>>> print(open('start_36.cif').read())   # mmCIF, C-alpha atoms
data_final
#
loop_
_atom_site.label_atom_id
_atom_site.label_comp_id
_atom_site.auth_asym_id
_atom_site.auth_seq_id
_atom_site.Cartn_x
_atom_site.Cartn_y
_atom_site.Cartn_z
CA MET V 1 -53.50 -2.46 -3.68
CA LEU V 2 -52.72 -2.24 -7.38
CA ILE V 3 -52.01 1.49 -7.12
CA LEU V 4 -49.62 0.95 -4.18
CA THR V 5 -47.79 -1.75 -6.14
CA ILE V 6 -47.48 0.52 -9.16
CA ASN V 7 -46.13 3.40 -7.03
CA LEU V 8 -43.59 1.13 -5.33
CA ILE V 9 -42.31 -0.38 -8.59
CA GLU V 10 -42.12 3.09 -10.17
CA LYS V 11 -39.94 4.36 -7.30
CA ILE V 12 -37.70 1.28 -7.54
CA THR V 13 -37.18 1.61 -11.30
CA LYS V 14 -36.37 5.32 -11.01
CA ASN V 15 -33.62 4.75 -8.43
CA GLU V 16 -30.38 3.77 -10.18
CA PHE V 17 -28.77 2.58 -6.94
CA ILE V 18 -31.63 0.22 -6.09
CA MET V 19 -31.69 -1.03 -9.68
CA GLY V 20 -27.98 -1.77 -9.41
CA ILE V 21 -28.51 -3.69 -6.17
CA TYR V 22 -31.42 -5.56 -7.80
CA TYR V 23 -29.20 -6.50 -10.75
CA ILE V 24 -26.58 -7.96 -8.38
CA GLY V 25 -29.29 -9.81 -6.41
CA LYS V 26 -30.71 -11.15 -9.65
CA GLN V 27 -27.41 -12.92 -10.32
CA GLU V 28 -27.28 -14.30 -6.78
CA ASP V 29 -30.87 -15.56 -6.44
CA MET V 30 -32.32 -16.80 -9.71
CA GLU V 31 -35.45 -18.11 -7.94
CA ILE V 32 -36.71 -14.61 -7.12
CA SER V 33 -35.79 -13.47 -10.62
CA ASN V 34 -37.89 -16.27 -12.08
CA LYS V 35 -40.85 -15.33 -9.84
CA ILE V 36 -40.75 -11.76 -11.15
CA ALA V 37 -40.67 -13.11 -14.72
CA MET V 38 -43.76 -15.24 -13.95
CA LYS V 39 -45.58 -12.20 -12.52
CA HIS V 40 -44.73 -10.28 -15.66
CA ASN V 41 -46.20 -13.00 -17.88
CA LEU V 42 -49.35 -13.03 -15.72
CA ILE V 43 -49.82 -9.22 -15.84
CA LYS V 44 -49.12 -9.20 -19.58
CA LYS V 45 -52.37 -11.03 -20.18
CA TYR V 46 -54.31 -8.10 -18.64
CA SER V 47 -52.22 -5.25 -19.99
CA HIS V 48 -54.85 -4.40 -22.63
CA ILE V 49 -57.59 -3.91 -19.99
CA THR V 50 -56.46 -0.65 -18.33
CA LYS V 51 -53.59 1.82 -18.53
CA GLN V 52 -52.53 0.81 -15.02
CA TYR V 53 -51.93 -2.78 -16.11
CA THR V 54 -50.08 -1.52 -19.18
CA PHE V 55 -47.82 0.66 -17.02
CA LEU V 56 -47.21 -2.18 -14.53
CA GLU V 57 -46.42 -4.63 -17.34
CA ALA V 58 -43.83 -2.22 -18.79
CA LYS V 59 -42.09 -1.82 -15.41
CA LEU V 60 -42.06 -5.56 -14.73
CA LEU V 61 -40.63 -6.09 -18.20
CA LEU V 62 -37.83 -3.68 -17.27
CA LEU V 63 -37.09 -5.66 -14.10
CA THR V 64 -37.24 -8.98 -15.94
CA SER V 65 -34.95 -7.96 -18.78
CA LEU V 66 -32.63 -5.83 -16.66
CA ASP V 67 -28.99 -6.02 -17.76
CA SER V 68 -25.90 -3.95 -17.12
CA SER V 69 -26.39 -2.33 -20.53
CA ASN V 70 -29.79 -0.99 -19.33
CA LEU V 71 -28.29 0.79 -16.36
CA GLU V 72 -27.12 4.36 -16.78
CA MET V 73 -23.82 4.28 -14.96
CA LYS V 74 -22.77 7.76 -13.92
CA ARG V 75 -19.12 8.51 -14.47
CA LEU V 76 -17.20 9.21 -11.28
CA THR V 77 -15.49 12.56 -11.01
CA GLU V 78 -11.74 12.52 -11.42
CA PRO V 79 -10.32 11.33 -8.06
CA GLN V 80 -8.41 13.96 -6.17
CA VAL V 81 -5.03 13.03 -4.71
CA GLU V 82 -5.25 13.54 -0.95
CA SER V 83 -2.61 15.59 0.83
CA ILE V 84 -2.07 13.07 3.64
CA CYS V 85 -2.35 9.29 3.45
CA TYR V 86 -3.34 7.51 6.65
CA CYS V 87 -3.33 3.91 5.43
CA THR V 88 0.22 3.13 4.19
CA GLN V 89 1.94 3.01 7.57
CA PRO V 90 -0.75 0.89 9.31
CA LEU V 91 -0.88 -1.49 6.34
CA LEU V 92 2.90 -1.99 6.23
CA SER V 93 3.01 -2.35 10.01
CA MET V 94 0.52 -5.19 9.97
CA GLU V 95 2.10 -6.86 6.94
CA ILE V 96 5.57 -6.80 8.50
CA TYR V 97 4.16 -8.10 11.78
CA LEU V 98 2.19 -10.93 10.11
CA HIS V 99 4.55 -11.73 7.21
CA LEU V 100 7.96 -10.87 8.54
CA SER V 101 9.90 -13.14 6.18
CA ALA V 102 7.78 -12.49 3.07
CA ASP V 103 9.48 -11.83 -0.24
CA THR V 104 9.72 -8.18 -1.29
CA GLN V 105 7.36 -8.86 -4.20
CA TYR V 106 4.59 -9.40 -1.63
CA TYR V 107 5.05 -5.87 -0.26
CA VAL V 108 5.30 -4.46 -3.78
CA SER V 109 1.87 -5.91 -4.59
CA GLU V 110 0.42 -4.35 -1.44
CA VAL V 111 1.75 -0.85 -2.12
CA LEU V 112 0.73 -1.00 -5.79
CA MET V 113 -2.82 -1.63 -4.56
CA ILE V 114 -2.59 1.59 -2.55
CA GLN V 115 -1.28 3.42 -5.61
CA LYS V 116 -4.29 2.36 -7.68
CA LEU V 117 -6.82 3.14 -4.96
CA LYS V 118 -5.32 6.53 -4.13
CA ASN V 119 -4.36 7.53 -7.69
CA TYR V 120 -0.76 8.21 -6.63
CA SER V 121 2.19 8.82 -8.89
CA MET V 122 5.18 6.50 -8.42
CA SER V 123 7.16 9.21 -6.61
CA ARG V 124 4.24 9.88 -4.24
CA LEU V 125 3.96 6.15 -3.55
CA MET V 126 7.67 5.92 -2.70
CA TYR V 127 7.32 8.97 -0.47
CA GLU V 128 4.49 7.30 1.46
CA ILE V 129 6.59 4.14 1.92
CA LEU V 130 9.56 6.15 3.21
CA ARG V 131 7.34 8.18 5.49
CA ALA V 132 5.75 5.00 6.88
CA CYS V 133 9.18 3.53 7.65
CA PHE V 134 10.42 6.65 9.44
CA ILE V 135 7.19 7.06 11.43
CA SER V 136 7.44 3.46 12.61
CA LEU V 137 11.12 3.87 13.49
CA SER V 138 10.32 6.95 15.55
CA ASN V 139 7.70 4.99 17.53
CA ILE V 140 9.99 2.15 18.60
CA ASN V 141 9.51 1.31 22.26
CA GLU V 142 12.47 2.10 24.51
CA ASN V 143 12.58 -1.39 26.00
CA THR V 144 12.16 -3.39 22.81
CA GLU V 145 14.77 -5.48 21.03
CA ASP V 146 12.62 -5.89 17.93
CA THR V 147 14.71 -4.90 14.92
CA SER V 148 11.98 -5.58 12.34
CA TRP V 149 11.45 -2.01 11.16
CA ALA V 150 15.14 -1.11 11.13
CA ALA V 151 15.97 -4.28 9.17
CA PHE V 152 13.06 -3.70 6.78
CA THR V 153 14.11 -0.10 6.13
CA PHE V 154 17.79 -0.89 5.53
CA PHE V 155 17.53 -4.30 3.84
CA LYS V 156 14.18 -4.70 2.08
CA LEU V 157 13.29 -1.13 1.17
CA PRO V 158 16.03 -0.79 -1.49
CA LYS V 159 14.81 -4.00 -3.16
CA ILE V 160 11.21 -2.74 -3.10
CA PHE V 161 12.29 0.49 -4.79
CA LYS V 162 14.18 -1.49 -7.44
CA GLN V 163 11.13 -3.62 -8.16
CA LEU V 164 8.87 -0.57 -8.36
CA GLN V 165 11.34 1.00 -10.78
CA ALA V 166 11.23 -2.15 -12.93
CA ILE V 167 7.43 -1.91 -13.08
CA ASN V 168 7.74 1.74 -14.08
CA SER V 169 10.54 0.91 -16.55
CA SER V 170 8.69 2.46 -19.52
CA ASN V 171 9.66 5.90 -18.19
CA ALA V 172 13.11 4.89 -16.93
CA ASN V 173 16.41 6.14 -18.35
CA PRO V 174 18.95 3.27 -18.24
CA ASN V 175 21.87 5.71 -18.22
CA LEU V 176 20.93 7.27 -14.87
CA ASP V 177 22.78 6.20 -11.72
CA TYR V 178 19.78 6.94 -9.52
CA ILE V 179 16.01 6.39 -9.43
CA PRO V 180 14.29 9.73 -10.22
CA GLU V 181 11.12 8.78 -8.31
CA VAL V 182 13.12 8.12 -5.14
CA VAL V 183 14.82 11.50 -5.48
CA GLU V 184 11.42 13.19 -5.83
CA ALA V 185 10.15 11.22 -2.83
CA LEU V 186 13.10 12.36 -0.70
CA LYS V 187 12.48 15.97 -1.70
CA MET V 188 8.89 15.66 -0.50
CA LEU V 189 10.01 13.84 2.64
CA LEU V 190 12.48 16.56 3.61
CA ASP V 191 9.58 19.01 3.65
CA ASP V 192 8.17 17.00 6.56
CA THR V 193 10.38 18.84 9.04
CA PRO V 194 8.55 17.77 12.25
CA LEU V 195 9.06 14.09 11.41
CA PHE V 196 12.81 14.49 10.92
CA ASP V 197 13.09 16.74 13.98
CA HIS V 198 11.44 14.03 16.07
CA LEU V 199 13.77 11.40 14.64
CA GLU V 200 16.87 13.47 15.26
CA GLN V 201 15.83 14.05 18.85
CA LYS V 202 16.12 10.29 19.15
CA CYS V 203 19.63 10.34 17.63
CA PHE V 204 18.51 9.10 14.26
CA GLY V 205 19.91 12.08 12.38
CA ASN V 206 23.51 10.84 12.32
CA ASN V 207 22.39 7.49 10.98
CA MET V 208 20.81 8.93 7.83
CA GLU V 209 24.23 8.80 6.19
CA PHE V 210 24.25 4.99 6.56
CA LEU V 211 20.99 4.78 4.64
CA PHE V 212 22.19 7.09 1.89
CA LYS V 213 25.59 5.41 1.54
CA ASP V 214 23.93 2.05 1.03
CA TRP V 215 21.56 3.57 -1.51
CA VAL V 216 24.48 5.08 -3.45
CA LYS V 217 26.04 1.61 -3.75
CA GLN V 218 22.77 0.22 -5.10
CA LYS V 219 22.28 3.19 -7.47
CA ILE V 220 19.07 4.31 -5.82
CA ILE V 221 20.51 7.80 -5.39
CA ASN V 222 23.90 9.10 -6.48
CA GLU V 223 26.67 10.96 -4.64
CA LYS V 224 25.40 14.33 -5.82
CA TYR V 225 21.92 13.90 -4.35
CA CYS V 226 23.30 12.19 -1.27
CA ALA V 227 25.41 15.26 -0.46
CA HIS V 228 22.56 17.60 -1.37
CA PHE V 229 20.02 15.94 0.92
CA GLN V 230 22.46 15.71 3.83
CA ALA V 231 23.36 19.39 3.47
CA GLU V 232 19.72 20.44 3.23
CA ARG V 233 18.77 18.47 6.31
CA SER V 234 21.80 19.75 8.25
CA ALA V 235 20.64 23.31 7.64
CA GLN V 236 17.15 22.45 8.91
CA SER V 237 18.30 20.53 11.98
CA SER V 238 20.72 23.06 13.42
CA GLN V 239 18.19 24.05 16.09
CA VAL V 240 17.13 20.52 17.03
CA MET V 241 18.00 19.46 20.58
CA LYS V 242 19.48 15.97 20.32
CA GLN V 243 19.83 13.45 23.11
CA ASP V 244 23.27 12.78 24.51
CA VAL V 245 22.49 9.19 25.45
CA VAL V 246 22.26 6.34 22.98
CA SER V 247 18.60 5.90 22.02
CA PRO V 248 16.85 2.59 21.31
CA ILE V 249 16.53 3.59 17.65
CA GLN V 250 20.24 4.27 17.34
CA SER V 251 21.05 1.02 19.11
CA LEU V 252 18.77 -1.03 16.84
CA ILE V 253 20.13 0.55 13.67
CA THR V 254 23.68 -0.10 14.85
CA SER V 255 22.69 -3.74 15.42
CA VAL V 256 21.33 -3.94 11.89
CA HIS V 257 24.56 -2.62 10.40
CA ARG V 258 26.66 -4.97 12.49
CA ALA V 259 24.49 -7.88 11.41
CA ALA V 260 24.96 -7.17 7.70
CA ALA V 261 28.45 -8.71 7.52
CA PRO V 262 27.71 -12.00 9.35
CA LEU V 263 24.45 -12.45 7.44
CA THR V 264 26.32 -12.00 4.16
CA ALA V 265 28.78 -14.65 5.33
CA ILE V 266 25.90 -16.98 6.21
CA ILE V 267 24.38 -16.60 2.74
CA LYS V 268 27.73 -17.27 1.04
CA THR V 269 28.29 -20.31 3.26
CA LEU V 270 24.84 -21.73 2.47
CA ASN V 271 25.57 -21.35 -1.25
CA SER V 272 28.76 -23.39 -0.98
CA ASP V 273 29.23 -27.17 -0.72
CA SER V 274 27.41 -28.14 2.51
CA ASN V 275 29.50 -31.31 2.96
CA LYS V 276 32.71 -29.34 3.28
CA VAL V 277 31.42 -26.62 5.60
CA GLN V 278 28.77 -28.49 7.57
CA GLU V 279 30.32 -27.83 10.99
CA GLY V 280 30.92 -24.19 10.18
CA VAL V 281 27.32 -23.75 9.03
CA CYS V 282 26.01 -25.15 12.32
CA ASN V 283 28.20 -22.77 14.33
CA VAL V 284 27.18 -19.72 12.28
CA LEU V 285 23.46 -20.56 12.33
CA GLY V 286 23.69 -21.17 16.07
CA GLN V 287 24.83 -17.58 16.50
CA ALA V 288 22.00 -16.34 14.28
CA LEU V 289 19.44 -17.83 16.68
CA VAL V 290 20.52 -15.54 19.49
CA GLY V 291 19.25 -12.01 20.25
CA LYS V 292 18.58 -9.37 17.64
CA LEU V 293 20.37 -11.21 14.84
CA LEU V 294 17.49 -13.73 14.70
CA CYS V 295 14.93 -11.07 13.84
CA ILE V 296 17.26 -9.47 11.30
CA SER V 297 18.01 -12.81 9.66
CA ILE V 298 14.27 -13.52 9.32
CA ILE V 299 13.82 -10.22 7.47
#
>>> encode(input="start_36.cif", output="structure tokens")
Amino acid sequence: MLILTINLIEKITKNEFIMGIYYIGKQEDMEISNKIAMKHNLIKKYSHITKQYTFLEAKLLLLTSLDSSNLEMKRLTEPQVESICYCTQPLLSMEIYLHLSADTQYYVSEVLMIQKLKNYSMSRLMYEILRACFISLSNINENTEDTSWAAFTFFKLPKIFKQLQAINSSNANPNLDYIPEVVEALKMLLDDTPLFDHLEQKCFGNNMEFLFKDWVKQKIINEKYCAHFQAERSAQSSQVMKQDVVSPIQSLITSVHRAAAPLTAIIKTLNSDSNKVQEGVCNVLGQALVGKLLCISII
């Protein structure tokens, strides 16, 4: 029995993974840890009798006094950046579905978590966010009136990029009229030809200019890159067969652009003296509770 116990404890103490698990368990259940300490004190009395007891006492001492400093933690190899990320789009989809009206800082925290886990550069992170938005837009159901993804892409995405730029401000040039990481992300995104071909088949191609024009106003990209990306994509999409009918994507994006002006008016009205414009506020908010404008206003 003694020999079996010695063999078992020897195997345990030689396995770094099991020792790590034991160390965690030691913090969780102090009762078992104290029992092992008592066994060690008992065996210590007989350690001078035979070599077996001496060996067993040494191993029990190791278990009793185990600390993180005693564990030989192997360094992990440098993480490799994967070519395709499968988690950004599902994560953003669920977050938008569950937290539709969340502040942009909430989404920034989520994507920064992905950046740390995946070891992404800031430009790669922005590329994954853009790719997630366009994939979700391309999968919009034909019969839906849900404008969540279109509103998120056109309204919240620019703010998210601005906040990510602020976090990465140590490398930023204040004199630039564009965000370099977004430009790099768009260059990578344009290499994803099948994604854009699929979008343009659903009449999304002509609406890219709306996205870029808004980004130029917010200094996310400048006129030079806007023209460059549009020209590059036009050369790639010359062979794409586009639908003649108005697609659900095109209809939803048009709704988002039409909603921008009344929503701006609502915000300005809410910021003014409510006593003077109370009736007008009720009328405007009553319109916001109808149809697609409600979903857009929540975003």
>>> residues_around(input="start_36.cif", residues="region 206-220 of chain V", least_positions_apart="4", cutoff="10 Å", atoms="all atoms listed in the file", output="count of residues only")
31
>>> residues_around(input="start_36.cif", residues="region 189-194 of chain V", least_positions_apart="5", cutoff="8 Å", atoms="only C-alpha atoms", output="ChimeraX atom specification")
/V:127,130-131,233,236
>>> resolve_selection(input="start_36.cif", expression="the PyMOL selection byres ((chain V and resi 103) around 12)", output="PDB file with C-alpha atoms, in the coordinates of the input")
ATOM      1  CA  GLU V  95       2.100  -6.860   6.940  1.00  0.00           C
ATOM      2  CA  ILE V  96       5.570  -6.800   8.500  1.00  0.00           C
ATOM      3  CA  HIS V  99       4.550 -11.730   7.210  1.00  0.00           C
ATOM      4  CA  LEU V 100       7.960 -10.870   8.540  1.00  0.00           C
ATOM      5  CA  SER V 101       9.900 -13.140   6.180  1.00  0.00           C
ATOM      6  CA  ALA V 102       7.780 -12.490   3.070  1.00  0.00           C
ATOM      7  CA  THR V 104       9.720  -8.180  -1.290  1.00  0.00           C
ATOM      8  CA  GLN V 105       7.360  -8.860  -4.200  1.00  0.00           C
ATOM      9  CA  TYR V 106       4.590  -9.400  -1.630  1.00  0.00           C
ATOM     10  CA  TYR V 107       5.050  -5.870  -0.260  1.00  0.00           C
ATOM     11  CA  VAL V 108       5.300  -4.460  -3.780  1.00  0.00           C
ATOM     12  CA  SER V 109       1.870  -5.910  -4.590  1.00  0.00           C
ATOM     13  CA  GLU V 110       0.420  -4.350  -1.440  1.00  0.00           C
ATOM     14  CA  PHE V 152      13.060  -3.700   6.780  1.00  0.00           C
ATOM     15  CA  PHE V 155      17.530  -4.300   3.840  1.00  0.00           C
ATOM     16  CA  LYS V 156      14.180  -4.700   2.080  1.00  0.00           C
ATOM     17  CA  LEU V 157      13.290  -1.130   1.170  1.00  0.00           C
ATOM     18  CA  LYS V 159      14.810  -4.000  -3.160  1.00  0.00           C
ATOM     19  CA  ILE V 160      11.210  -2.740  -3.100  1.00  0.00           C
ATOM     20  CA  GLN V 163      11.130  -3.620  -8.160  1.00  0.00           C
ATOM     21  CA  ILE V 298      14.270 -13.520   9.320  1.00  0.00           C
ATOM     22  CA  ILE V 299      13.820 -10.220   7.470  1.00  0.00           C
TER      23      ILE V 299
END
>>> closest_residue(input="start_36.cif", among="V:Leu164, V:Ser123, V:Leu195, V:Leu60", to="Ser33 (chain V)", atoms="only C-alpha atoms")
V:Leu60
>>> atom_distance(input="start_36.cif", atom1="CA of Cys85 (chain V)", atom2="CA of Ala231 (chain V)")
27.6 Å
>>> closest_residue(input="start_36.cif", among="V:Ser136, V:Ser121, V:Thr64, V:Thr5", to="Ser93 (chain V)", atoms="all atoms listed in the file")
V:Ser136
>>> atom_distance(input="start_36.cif", atom1="CA of Pro174 (chain V)", atom2="CA of Leu186 (chain V)")
20.6 Å
>>> closest_residue(input="start_36.cif", among="V:Leu98, V:Ile6, V:Phe17, V:Ser169", to="Thr54 (chain V)", atoms="all atoms listed in the file")
V:Ile6
>>> closest_residue(input="start_36.cif", among="V:Glu223, V:Glu57, V:Glu28, V:Asp197", to="His40 (chain V)", atoms="all atoms listed in the file")
V:Glu57
>>> residues_around(input="start_36.cif", residues="Lys59 (chain V)", least_positions_apart="2", cutoff="12 Å", atoms="only C-alpha atoms", output="number ranges by chain")
V: 5-14, 19, 36-37, 39-40, 43-44, 47, 52-57, 61-66
>>> atom_distance(input="start_36.cif", atom1="CA of Leu92 (chain V)", atom2="CA of Ile221 (chain V)")
23.3 Å
>>> resolve_selection(input="start_36.cif", expression="the PyMOL selection byres ((chain V and resi 124) around 9)", output="short mmCIF file (atom, residue, chain, number, x, y, z; two decimals) with C-alpha atoms, keeping the file's coordinate frame")
data_model
loop_
_atom_site.label_atom_id
_atom_site.label_comp_id
_atom_site.auth_asym_id
_atom_site.auth_seq_id
_atom_site.Cartn_x
_atom_site.Cartn_y
_atom_site.Cartn_z
CA GLN V 115 -1.28 3.42 -5.61
CA TYR V 120 -0.76 8.21 -6.63
CA SER V 121 2.19 8.82 -8.89
CA MET V 122 5.18 6.50 -8.42
CA SER V 123 7.16 9.21 -6.61
CA LEU V 125 3.96 6.15 -3.55
CA MET V 126 7.67 5.92 -2.70
CA TYR V 127 7.32 8.97 -0.47
CA GLU V 128 4.49 7.30 1.46
CA ILE V 129 6.59 4.14 1.92
CA GLU V 181 11.12 8.78 -8.31
CA GLU V 184 11.42 13.19 -5.83
CA ALA V 185 10.15 11.22 -2.83
CA MET V 188 8.89 15.66 -0.50
#
>>> axis_aligned_box(input="start_36.cif", around="region 93-109 of chain V", padding_each_side="6 Å", output="JSON")
{"center_x": 5.2, "center_y": -7.7, "center_z": 3.6, "size_x": 21.4, "size_y": 22.8, "size_z": 28.4}
>>> closest_residue(input="start_36.cif", among="V:Glu82, V:Gly20, V:Met94, V:Phe196", to="Trp149 (chain V)", atoms="only C-alpha atoms")
V:Met94
>>> closest_residue(input="start_36.cif", among="V:Tyr46, V:Ala132, V:Ala166, V:Asn119", to="Ala150 (chain V)", atoms="all atoms listed in the file")
V:Ala132
